[in-house]
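See below for work-v8.cif, which holds mmCIF, C-alpha atoms and all ligand atoms.
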```cif
data_data
loop_
_atom_site.label_atom_id
_atom_site.label_comp_id
_atom_site.auth_asym_id
_atom_site.auth_seq_id
_atom_site.Cartn_x
_atom_site.Cartn_y
_atom_site.Cartn_z
CA MET G 53 142.62 101.00 109.29
CA LYS G 54 142.18 102.07 112.86
CA ILE G 55 139.19 100.80 114.81
CA LYS G 56 138.31 102.01 118.26
CA LYS G 57 135.54 101.52 120.77
CA TYR G 58 134.24 104.53 122.73
CA THR G 59 131.94 104.60 125.72
CA ALA G 60 130.05 107.82 126.34
CA ALA G 61 126.88 109.12 127.94
CA SER G 62 125.31 110.15 124.65
CA MET G 63 125.86 109.97 120.91
CA HIS G 64 126.76 113.63 120.93
CA GLU G 65 129.50 113.07 123.49
CA ALA G 66 130.76 109.99 121.62
CA MET G 67 130.93 112.02 118.39
CA LYS G 68 133.02 114.66 120.13
CA LEU G 69 135.50 112.05 121.40
CA ILE G 70 135.67 110.34 118.01
CA ARG G 71 136.15 113.58 116.12
CA ALA G 72 138.89 114.72 118.54
CA GLU G 73 140.80 111.48 118.26
CA LEU G 74 140.10 110.11 114.77
CA GLY G 75 139.16 113.31 112.95
CA ASP G 76 136.30 114.12 110.63
CA GLU G 77 136.87 111.21 108.28
CA ALA G 78 135.93 108.69 110.96
CA VAL G 79 133.00 106.38 110.27
CA ILE G 80 130.60 104.98 112.86
CA LEU G 81 130.57 101.20 112.57
CA SER G 82 128.08 100.38 115.27
CA SER G 83 126.52 101.58 118.47
CA LYS G 84 124.72 99.88 121.30
CA GLU G 85 123.50 100.66 124.77
CA VAL G 86 125.55 99.12 127.57
CA GLU G 87 125.18 99.18 131.34
CA SER G 88 128.12 100.42 133.32
CA GLY G 89 129.06 100.68 136.97
CA GLY G 90 126.63 99.58 139.64
CA PHE G 91 126.70 97.15 142.52
CA LEU G 92 124.98 93.75 142.50
CA GLY G 93 122.87 94.90 139.59
CA PHE G 94 121.81 98.15 141.27
CA PHE G 95 122.80 101.71 140.40
CA THR G 96 123.89 100.77 136.88
CA LYS G 97 124.05 103.57 134.35
CA LYS G 98 123.07 103.29 130.70
CA LYS G 99 125.96 104.26 128.45
CA LEU G 100 126.49 104.15 124.75
CA GLU G 101 129.23 102.03 123.23
CA VAL G 102 130.22 103.28 119.82
CA VAL G 103 132.70 101.61 117.49
CA ALA G 104 134.33 104.02 115.07
CA ALA G 105 137.01 103.60 112.44
CA ILE G 106 139.26 105.72 110.34
CA ASP G 107 140.47 104.57 107.00
CA PRO G 108 143.89 106.02 106.10
CA MET G 109 143.24 105.48 102.36
CA PRO G 110 139.55 106.17 101.80
CA ASP G 111 138.39 105.06 98.38
CA HIS G 112 134.77 106.29 98.55
CA LYS G 113 133.43 103.08 97.07
CA PRO G 114 129.63 103.22 96.99
CA ALA G 115 127.83 101.03 99.50
CA ASN G 116 126.34 97.75 98.39
CA ARG G 117 122.59 98.30 98.84
CA ASN G 118 121.78 94.81 100.07
CA GLU G 119 124.55 94.78 102.60
CA VAL G 120 123.47 98.15 103.86
CA ARG G 121 119.94 96.77 104.21
CA ARG G 122 121.16 94.07 106.58
CA ALA G 123 123.53 96.13 108.71
CA PRO G 124 123.34 99.75 107.67
CA ALA G 125 126.15 101.47 109.45
CA VAL G 126 128.51 98.56 109.25
CA SER G 127 128.88 96.85 105.93
CA LEU G 128 130.39 99.66 103.93
CA GLN G 129 133.49 99.85 105.98
CA VAL G 130 133.88 96.10 106.39
CA GLU G 131 133.55 95.65 102.66
CA ARG G 132 136.09 98.36 101.94
CA ASN G 133 138.62 96.90 104.28
CA ILE G 134 138.98 93.64 102.46
CA GLN G 135 139.99 95.41 99.27
CA PRO G 136 143.29 93.79 98.24
CA THR G 137 144.81 97.07 97.03
CA GLU G 138 144.80 98.47 100.52
CA LYS G 139 146.93 95.67 101.82
CA ALA G 140 150.06 96.63 99.93
CA GLY G 141 153.08 96.99 102.17
CA ARG G 142 151.57 95.09 105.08
CA SER G 143 152.76 91.76 106.38
CA ASP G 144 150.61 88.62 106.38
CA GLU G 145 150.56 88.76 110.16
CA ASP G 146 149.11 92.27 110.04
CA LEU G 147 146.46 91.07 107.65
CA VAL G 148 145.52 88.05 109.77
CA ARG G 149 145.32 90.26 112.86
CA GLU G 150 143.14 92.78 111.06
CA VAL G 151 140.82 90.13 109.67
CA ASN G 152 140.48 88.57 113.13
CA GLU G 153 139.78 91.98 114.60
CA LEU G 154 137.09 92.57 112.00
CA LYS G 155 135.58 89.11 112.55
CA LYS G 156 135.34 89.86 116.27
CA LEU G 157 133.70 93.18 115.54
CA ILE G 158 131.19 91.68 113.12
CA LYS G 159 130.17 89.14 115.75
CA GLU G 160 129.54 91.94 118.23
CA ILE G 161 127.38 93.90 115.83
CA LYS G 162 123.74 92.94 115.71
CA PRO G 163 122.26 93.31 112.20
CA ALA G 164 120.23 96.44 111.54
CA GLN G 165 120.45 97.45 115.16
CA PRO G 166 119.12 100.95 115.41
CA LEU G 167 120.90 103.55 117.42
CA PRO G 168 119.19 104.07 120.76
CA GLU G 169 116.29 106.48 120.45
CA GLN G 170 116.96 110.20 120.93
CA GLU G 171 120.65 109.62 120.46
CA TYR G 172 121.37 110.79 116.92
CA PRO G 173 123.29 114.02 116.36
CA LEU G 174 120.84 116.90 115.88
CA PRO G 175 120.25 117.10 112.11
CA PHE G 176 119.80 113.31 111.98
CA GLN G 177 117.50 113.35 114.98
CA THR G 178 115.18 115.70 113.08
CA ILE G 179 114.82 113.09 110.32
CA GLU G 180 114.38 110.31 112.88
CA ASN G 181 111.62 112.28 114.65
CA GLN G 182 109.81 112.99 111.40
CA LEU G 183 109.86 109.33 110.28
CA LYS G 184 108.96 108.05 113.72
CA GLY G 185 106.12 110.55 114.04
CA GLN G 186 104.72 109.24 110.77
CA GLY G 187 104.90 105.64 111.98
CA VAL G 188 107.75 104.46 109.74
CA SER G 189 108.94 101.18 111.23
CA ARG G 190 112.01 101.06 113.43
CA SER G 191 114.05 98.84 111.12
CA ILE G 192 113.46 101.06 108.08
CA ARG G 193 114.36 104.15 110.14
CA ALA G 194 117.58 102.45 111.25
CA GLU G 195 118.47 101.69 107.64
CA ILE G 196 117.83 105.24 106.51
CA LEU G 197 119.70 106.84 109.41
CA GLY G 198 122.57 104.35 109.02
CA THR G 199 122.91 105.29 105.36
CA LEU G 200 122.72 109.03 106.10
CA LEU G 201 125.38 108.78 108.82
CA ASN G 202 127.69 106.80 106.57
CA GLU G 203 127.33 109.24 103.70
CA TRP G 204 127.82 112.19 106.06
CA TYR G 205 131.11 111.01 107.52
CA LYS G 206 132.43 109.99 104.12
CA LYS G 207 132.17 113.58 102.91
CA PRO G 208 134.68 116.33 103.60
CA GLU G 209 133.35 118.68 106.28
CA GLU G 210 132.70 121.55 103.89
CA ASP G 211 130.33 119.37 101.82
CA ARG G 212 128.15 118.33 104.77
CA ASP G 213 124.82 120.07 104.62
CA PRO G 214 122.16 119.31 107.24
CA LYS G 215 119.51 120.79 104.93
CA ALA G 216 120.29 118.11 102.34
CA LEU G 217 119.42 115.23 104.68
CA LEU G 218 115.67 115.39 104.01
CA ASN G 219 116.33 115.27 100.30
CA GLN G 220 118.71 112.35 100.71
CA THR G 221 116.01 110.53 102.69
CA ALA G 222 113.54 111.13 99.86
CA GLU G 223 116.08 109.83 97.33
CA TRP G 224 116.68 106.72 99.42
CA LEU G 225 112.95 106.02 99.63
CA LYS G 226 112.47 106.70 95.92
CA LYS G 227 115.16 104.19 95.03
CA GLU G 228 113.70 101.52 97.30
CA LEU G 229 110.13 102.04 96.03
CA SER G 230 111.16 102.19 92.38
CA ILE G 231 111.60 98.41 92.17
CA LEU G 232 107.98 97.79 93.24
CA PRO G 233 104.77 98.02 91.17
CA VAL G 234 103.53 101.50 92.09
CA GLY G 235 100.79 102.96 89.86
CA GLY G 236 97.19 102.40 88.77
CA LEU G 237 95.86 99.24 87.14
CA ARG G 238 97.04 98.56 83.60
CA PHE G 239 94.07 96.17 83.08
CA GLU G 240 96.31 93.49 81.64
CA LYS G 241 94.04 90.94 83.34
CA LYS G 242 90.30 90.94 82.74
CA ILE G 243 89.27 89.98 86.28
CA ILE G 244 90.13 92.34 89.12
CA ASN G 245 89.47 90.89 92.59
CA ILE G 246 89.20 93.36 95.45
CA VAL G 247 89.79 91.80 98.88
CA GLY G 248 90.39 93.07 102.39
CA PRO G 249 88.86 93.25 105.86
CA THR G 250 85.44 94.67 106.66
CA GLY G 251 84.72 98.36 106.31
CA VAL G 252 88.02 99.39 104.69
CA GLY G 253 86.25 100.71 101.60
CA LYS G 254 86.32 97.79 99.13
CA THR G 255 82.86 98.37 97.66
CA THR G 256 83.28 102.15 97.49
CA THR G 257 86.67 101.73 95.79
CA ILE G 258 85.20 99.26 93.25
CA ALA G 259 82.60 101.90 92.40
CA LYS G 260 85.39 104.47 91.96
CA ILE G 261 87.46 102.17 89.73
CA ALA G 262 84.36 101.21 87.72
CA ALA G 263 83.46 104.88 87.23
CA GLU G 264 87.02 105.68 86.12
CA CYS G 265 86.93 102.79 83.60
CA VAL G 266 83.49 103.68 82.23
CA LEU G 267 83.63 107.47 82.22
CA LYS G 268 87.29 108.20 81.46
CA GLN G 269 88.64 105.10 79.74
CA HIS G 270 85.38 104.13 77.99
CA LYS G 271 85.85 100.47 78.84
CA LYS G 272 83.07 97.89 78.94
CA VAL G 273 82.82 97.08 82.65
CA ALA G 274 80.82 94.44 84.55
CA LEU G 275 80.59 93.74 88.27
CA ILE G 276 80.39 90.50 90.23
CA THR G 277 79.82 90.51 93.95
CA THR G 278 80.64 87.54 96.11
CA ASP G 279 79.72 89.49 99.23
CA THR G 280 76.45 87.78 99.97
CA TYR G 281 77.01 87.90 103.71
CA ARG G 282 74.84 90.99 104.17
CA ILE G 283 71.90 91.90 101.94
CA ALA G 284 72.84 95.57 102.26
CA ALA G 285 76.25 94.86 100.71
CA VAL G 286 74.68 93.48 97.53
CA GLU G 287 72.28 96.44 97.36
CA GLN G 288 75.16 98.90 97.82
CA LEU G 289 77.00 97.62 94.74
CA LYS G 290 73.74 97.25 92.76
CA THR G 291 73.07 100.94 93.35
CA TYR G 292 76.46 101.90 91.92
CA ALA G 293 75.89 99.52 88.97
CA LYS G 294 72.57 101.22 88.25
CA ILE G 295 74.08 104.71 88.39
CA LEU G 296 76.89 103.71 86.05
CA ASN G 297 74.55 101.67 83.87
CA ILE G 298 76.68 98.53 84.02
CA PRO G 299 75.59 94.92 84.67
CA ILE G 300 76.10 93.09 87.98
CA GLU G 301 75.84 89.42 88.97
CA VAL G 302 75.69 88.00 92.47
CA ALA G 303 77.80 84.86 92.99
CA TYR G 304 76.96 82.55 95.91
CA SER G 305 79.32 79.78 94.79
CA ILE G 306 82.26 79.19 92.45
CA GLU G 307 79.74 77.77 89.92
CA ASP G 308 77.82 81.06 90.00
CA PHE G 309 81.11 82.88 89.63
CA LYS G 310 82.11 80.83 86.58
CA LYS G 311 78.70 81.42 85.01
CA ALA G 312 79.00 85.17 85.56
CA LYS G 313 82.53 85.15 84.15
CA ASP G 314 81.26 83.39 81.06
CA LEU G 315 78.37 85.82 80.75
CA TYR G 316 80.83 88.72 80.76
CA LYS G 317 83.45 87.16 78.48
CA HIS G 318 83.09 90.00 75.97
CA TYR G 319 83.63 92.69 78.58
CA ASP G 320 86.96 94.50 79.02
CA VAL G 321 87.00 94.49 82.81
CA ILE G 322 85.21 92.45 85.47
CA LEU G 323 85.49 93.95 88.96
CA VAL G 324 84.84 91.47 91.75
CA ASP G 325 83.74 92.54 95.22
CA SER G 326 84.21 90.31 98.26
CA ALA G 327 83.00 89.99 101.83
CA GLY G 328 85.16 91.41 104.57
CA ARG G 329 84.66 89.51 107.83
CA ASN G 330 87.12 89.23 110.62
CA PHE G 331 90.66 89.15 109.30
CA ARG G 332 91.79 87.13 112.31
CA ASN G 333 89.72 84.19 111.13
CA LYS G 334 92.17 81.95 109.27
CA LEU G 335 89.40 80.11 107.43
CA TYR G 336 88.20 83.33 105.86
CA VAL G 337 90.77 83.47 103.05
CA GLU G 338 90.14 79.78 102.31
CA GLU G 339 86.41 80.53 102.09
CA LEU G 340 87.12 83.32 99.61
CA SER G 341 88.85 80.84 97.32
CA LYS G 342 85.61 78.87 97.19
CA VAL G 343 83.69 81.69 95.53
CA MET G 344 86.37 83.66 93.69
CA ASP G 345 88.84 82.97 90.95
CA PHE G 346 92.48 83.54 91.84
CA THR G 347 93.93 81.98 88.70
CA GLU G 348 96.32 83.55 86.21
CA GLU G 349 93.41 85.28 84.54
CA ALA G 350 92.77 87.42 87.60
CA GLU G 351 94.60 90.18 89.42
CA THR G 352 93.96 90.56 93.14
CA LEU G 353 94.29 93.83 95.05
CA LEU G 354 94.27 94.08 98.84
CA VAL G 355 92.54 97.11 100.35
CA LEU G 356 94.11 98.56 103.50
CA ALA G 357 92.70 101.51 105.42
CA LEU G 358 95.31 103.98 106.63
CA THR G 359 93.25 104.37 109.79
CA SER G 360 94.25 100.82 110.87
CA LYS G 361 97.14 100.29 113.23
CA TYR G 362 100.24 99.02 111.45
CA GLU G 363 100.36 95.97 113.73
CA ASP G 364 96.87 95.03 112.49
CA MET G 365 97.84 95.70 108.88
CA LYS G 366 100.73 93.26 109.26
CA GLN G 367 98.28 90.58 110.44
CA ILE G 368 95.93 91.35 107.57
CA ILE G 369 98.74 91.07 105.02
CA ALA G 370 99.88 87.79 106.56
CA GLN G 371 96.32 86.46 106.42
CA PHE G 372 95.97 87.35 102.74
CA SER G 373 99.44 86.17 101.80
CA LEU G 374 97.90 82.91 100.54
CA LEU G 375 96.52 84.91 97.62
CA PRO G 376 98.60 86.16 94.68
CA ILE G 377 98.68 89.86 95.63
CA LYS G 378 101.18 92.31 94.12
CA GLN G 379 99.55 95.64 94.89
CA VAL G 380 97.47 97.20 97.64
CA ILE G 381 94.98 100.07 97.64
CA PHE G 382 95.34 102.50 100.53
CA THR G 383 92.02 104.01 101.62
CA LYS G 384 90.93 106.78 104.00
CA GLN G 385 93.98 109.01 103.57
CA ASP G 386 91.65 111.86 104.57
CA GLU G 387 91.00 110.34 107.98
CA THR G 388 94.56 110.26 109.30
CA SER G 389 97.74 112.28 109.43
CA SER G 390 100.02 109.28 109.91
CA TYR G 391 101.28 107.76 106.67
CA GLY G 392 104.06 105.37 107.70
CA ALA G 393 102.17 102.49 106.03
CA TYR G 394 103.00 104.04 102.63
CA ILE G 395 106.61 103.08 103.30
CA ASN G 396 106.28 100.10 105.64
CA VAL G 397 103.90 98.02 103.52
CA PRO G 398 105.95 98.26 100.30
CA LEU G 399 109.38 97.91 101.88
CA GLU G 400 108.56 95.26 104.47
CA PHE G 401 106.26 93.12 102.32
CA GLY G 402 107.40 93.88 98.77
CA LEU G 403 103.89 95.06 97.82
CA GLY G 404 103.29 97.89 95.37
CA ALA G 405 100.41 100.37 95.59
CA ALA G 406 97.76 100.93 92.91
CA TYR G 407 95.47 103.65 94.29
CA ILE G 408 95.04 105.99 97.21
CA THR G 409 91.52 107.03 98.20
CA ASN G 410 90.83 110.17 100.17
CA GLY G 411 87.11 110.47 100.77
CA GLN G 412 83.66 108.98 100.36
CA ASN G 413 82.77 110.64 97.06
CA VAL G 414 82.45 108.35 94.07
CA PRO G 415 84.26 108.72 91.70
CA ASP G 416 86.32 111.79 92.66
CA ASP G 417 88.06 110.75 95.87
CA MET G 418 90.65 108.41 94.39
CA LYS G 419 94.02 108.92 92.72
CA GLU G 420 96.55 106.61 91.15
CA ALA G 421 99.41 105.93 93.51
CA THR G 422 102.80 107.38 92.56
CA ILE G 423 106.12 107.15 94.36
CA GLU G 424 105.96 110.89 95.11
CA GLN G 425 102.49 110.56 96.58
CA LEU G 426 103.70 107.82 98.90
CA ILE G 427 106.80 109.69 100.05
CA GLU G 428 105.60 113.28 100.29
CA PRO G 429 103.14 112.97 103.19
CA VAL G 430 105.68 110.95 105.17
CA LEU G 431 108.37 113.62 104.85
CA LYS G 432 106.13 116.65 104.98
CA GLU G 433 107.15 118.62 108.01
CA ALA G 434 104.50 118.76 110.69
CA GLU G 435 102.59 121.97 110.19
CA HIS G 436 103.11 124.43 113.01
CA GLU G 437 100.16 126.23 114.39
N1 LIG G 501 86.73 109.03 104.77
C1 LIG G 501 86.72 108.03 103.90
N2 LIG G 501 85.77 107.11 103.96
C2 LIG G 501 85.79 106.10 103.05
C3 LIG G 501 86.79 106.00 102.06
N3 LIG G 501 86.54 104.88 101.33
C4 LIG G 501 85.42 104.33 101.84
N4 LIG G 501 84.95 105.06 102.89
C5 LIG G 501 83.78 104.82 103.73
O1 LIG G 501 84.00 103.67 104.53
C6 LIG G 501 82.79 103.00 104.79
C7 LIG G 501 82.89 101.54 104.39
O2 LIG G 501 83.06 101.46 103.00
P1 LIG G 501 82.68 100.16 102.16
O3 LIG G 501 83.06 100.44 100.74
O4 LIG G 501 81.30 99.72 102.40
O5 LIG G 501 83.71 99.13 102.81
P2 LIG G 501 83.82 97.54 102.59
O6 LIG G 501 83.15 96.88 103.76
O7 LIG G 501 85.29 97.26 102.60
O8 LIG G 501 83.18 97.23 101.29
C8 LIG G 501 81.71 103.74 104.00
O9 LIG G 501 81.07 104.64 104.86
C9 LIG G 501 82.52 104.49 102.95
O10 LIG G 501 81.87 105.67 102.50
C10 LIG G 501 87.82 107.01 102.03
O11 LIG G 501 88.76 107.01 101.22
N5 LIG G 501 87.74 108.00 102.97
MG MG G 502 81.61 95.94 100.82
#
```
Output the file's structure as structure tokens, nothing else.
Ligand SMILES: Nc1nc2c(ncn2[C@@H]2O[C@H](COP(=O)(O)OP(=O)(O)O)[C@@H](O)[C@H]2O)c(=O)[nH]1
Ligand SMILES: [Mg+2]
Amino acid sequence: MKIKKYTAASMHEAMKLIRAELGDEAVILSSKEVESGGFLGFFTKKKLEVVAAIDPMPDHKPANRNEVRRAPAVSLQVERNIQPTEKAGRSDEDLVREVNELKKLIKEIKPAQPLPEQEYPLPFQTIENQLKGQGVSRSIRAEILGTLLNEWYKKPEEDRDPKALLNQTAEWLKKELSILPVGGLRFEKKIINIVGPTGVGKTTTIAKIAAECVLKQHKKVALITTDTYRIAAVEQLKTYAKILNIPIEVAYSIEDFKKAKDLYKHYDVILVDSAGRNFRNKLYVEELSKVMDFTEEAETLLVLALTSKYEDMKQIIAQFSLLPIKQVIFTKQDETSSYGAYINVPLEFGLGAAYITNGQNVPDDMKEATIEQLIEPVLKEAEHE
């Protein structure tokens, strides 16, 4: 094992130095921006410090996914270098020195530290730009790029194909999303609560789900609305109920809610609408609990509009985290061209996705979420004019 630190003006330059000295099998362990030169804090230059290593006996052991998640470009090599088989023929002193060297390195490496922006070698930079342009969060991008870089330098040169990187990114995302509940409602619970901030499309989406249940699945559907804040909101859902010829009850209190639930006990599905209000108001979610049922009998879906900023979405999710939510519904896909939330919300909050809505038309503008539908728009190359 040979580990070496390089300082260069750019990642490209560092790669050249590393390749010249350590060869193509070298692996990047970490990189960070450092300041160099200067006088009394003035005239300093930003440089890149890259730690690279070459393993004389590569064993191509696959990376441990969780370790990669914490420190993408680092863990693989550290893990491989404590393999006992590689230590044959070395003295204890060598081993102790190597372990100390590694310990020192690990301390220096900040977990999941992304490479400085605009500093990836060209084919990787293309992926970085695409993900960044779509609003995929910095830490997820760092994980993906770290994994791609590791895989790249593990391969013999003739097997490295820049065109395969996009596919590898898709595979990485697929694997990560596959452990989350992605897909439409299975209606295992009778009560479906729809919650979320104002104006995201809760009522419209309830009408779409109700129509799907009635028209396609021939289920017996009833509606309850707890959104009594605005008269217009009640009327809006009543109109959909009339069109679909299904019953609706208005619940002003938990007692009303329980009565309505009892009234509809022979129905297959009860869809429950709720008031939006300001998601910054902490009391709001507590108030919801006073008129809705969040017990085992019910499933609760959070509606998020893709037109919201991700920073706001994070606040919304935090606000609703008191409720037992496993899946979200993404609305207004048709009103944006930035889909990073499809990746950020599942991977950063462990939430699956049930539906995606893409227009105001009831019932047509809604589809069941699939892993492909979440990934494709994020990786779709920006259309050139
Ligand atoms: N473009 C677009 N508009 C939508 C979508 N879903 C809902 N809307 C519109 O968003 C507005 C608010 O919807 P509403 O269901 O009343 O939201 P709520 O306050 O969360 O119940 C209405 O004008 C809807 O027609 C969608 O997927 N795409
Ligand atoms: Mg509404």
Would you list the residues near (92.3, 95.2, 100.6), meaning any protein, DNA or RNA residue with an atom at most 8 Å from that point in file coordinates, counting only C-alpha atoms, as a list in words?
->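 The requested residues, written out, are Ile246, Val247, Gly248, Pro249, Val252, Lys254, Leu353, Leu354, Val355, Leu356, Ala357, Val380, Ile381 and Phe382 of chain G.
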For Gly187 (chain G), which residue among G:Thr359, G:Thr256, G:Gln412, G:Gln367 is the nearest when counting only C-alpha atoms?
-> G:Thr359
Residue with the minimum atom-to-atom distance to Ala66 (chain G), picked from G:Glu145, G:Glu171, G:Glu351, G:Glu428 with only C-alpha atoms counted, is G:Glu171
Give me the residues of chain G that have any atom at most 8 Å from an atom of ligand MG 502 (chain G); for each, the nearest atom pair and the distance in Å, rounded to one decimal. Use only C-alpha atoms and all ligand atoms, sort by chain and number, and format it as a tab-separated table.
```
residue	atom	partner	partner_atom	distance
G:Thr250	CA	G:MG502	MG	7.1
G:Gly251	CA	G:MG502	MG	6.8
G:Gly253	CA	G:MG502	MG	6.7
G:Lys254	CA	G:MG502	MG	5.3
G:Thr255	CA	G:MG502	MG	4.2
G:Thr256	CA	G:MG502	MG	7.2
G:Asp279	CA	G:MG502	MG	6.9
G:Ala285	CA	G:MG502	MG	5.5
G:Gln288	CA	G:MG502	MG	7.7
G:Leu289	CA	G:MG502	MG	7.8
G:Asp325	CA	G:MG502	MG	6.9
G:Ser326	CA	G:MG502	MG	6.7
G:Ala327	CA	G:MG502	MG	6.2
G:Gly328	CA	G:MG502	MG	6.9
```
Name the residues in contact with Val414 (chain G) at a cut-off of 9 Å, using all atoms listed in the file, excluding same-chain residues fewer than 5 positions from it; report them as a ChimeraX atom specification.
-> /G:256-257,259-260,263
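Considering only C-alpha atoms, the residue among G:Gly235, G:Ile106, G:Asp416, G:Leu200 positioned nearest to Leu218 (chain G) is G:Leu200.
Distance check against ligand LIG 501 (chain G) using only C-alpha atoms and all ligand atoms: of G:Ser373, G:Thr388, G:Gln425, G:Gln186, the minimum falls on G:Thr388.
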Could you give me, as a VMD selection string, the residues within 6 Å of region 348-350 of chain G, counting all atoms listed in the file and dropping anything in the same chain fewer than 2 positions from it?
-> chain G and resid 241 243 to 244 346
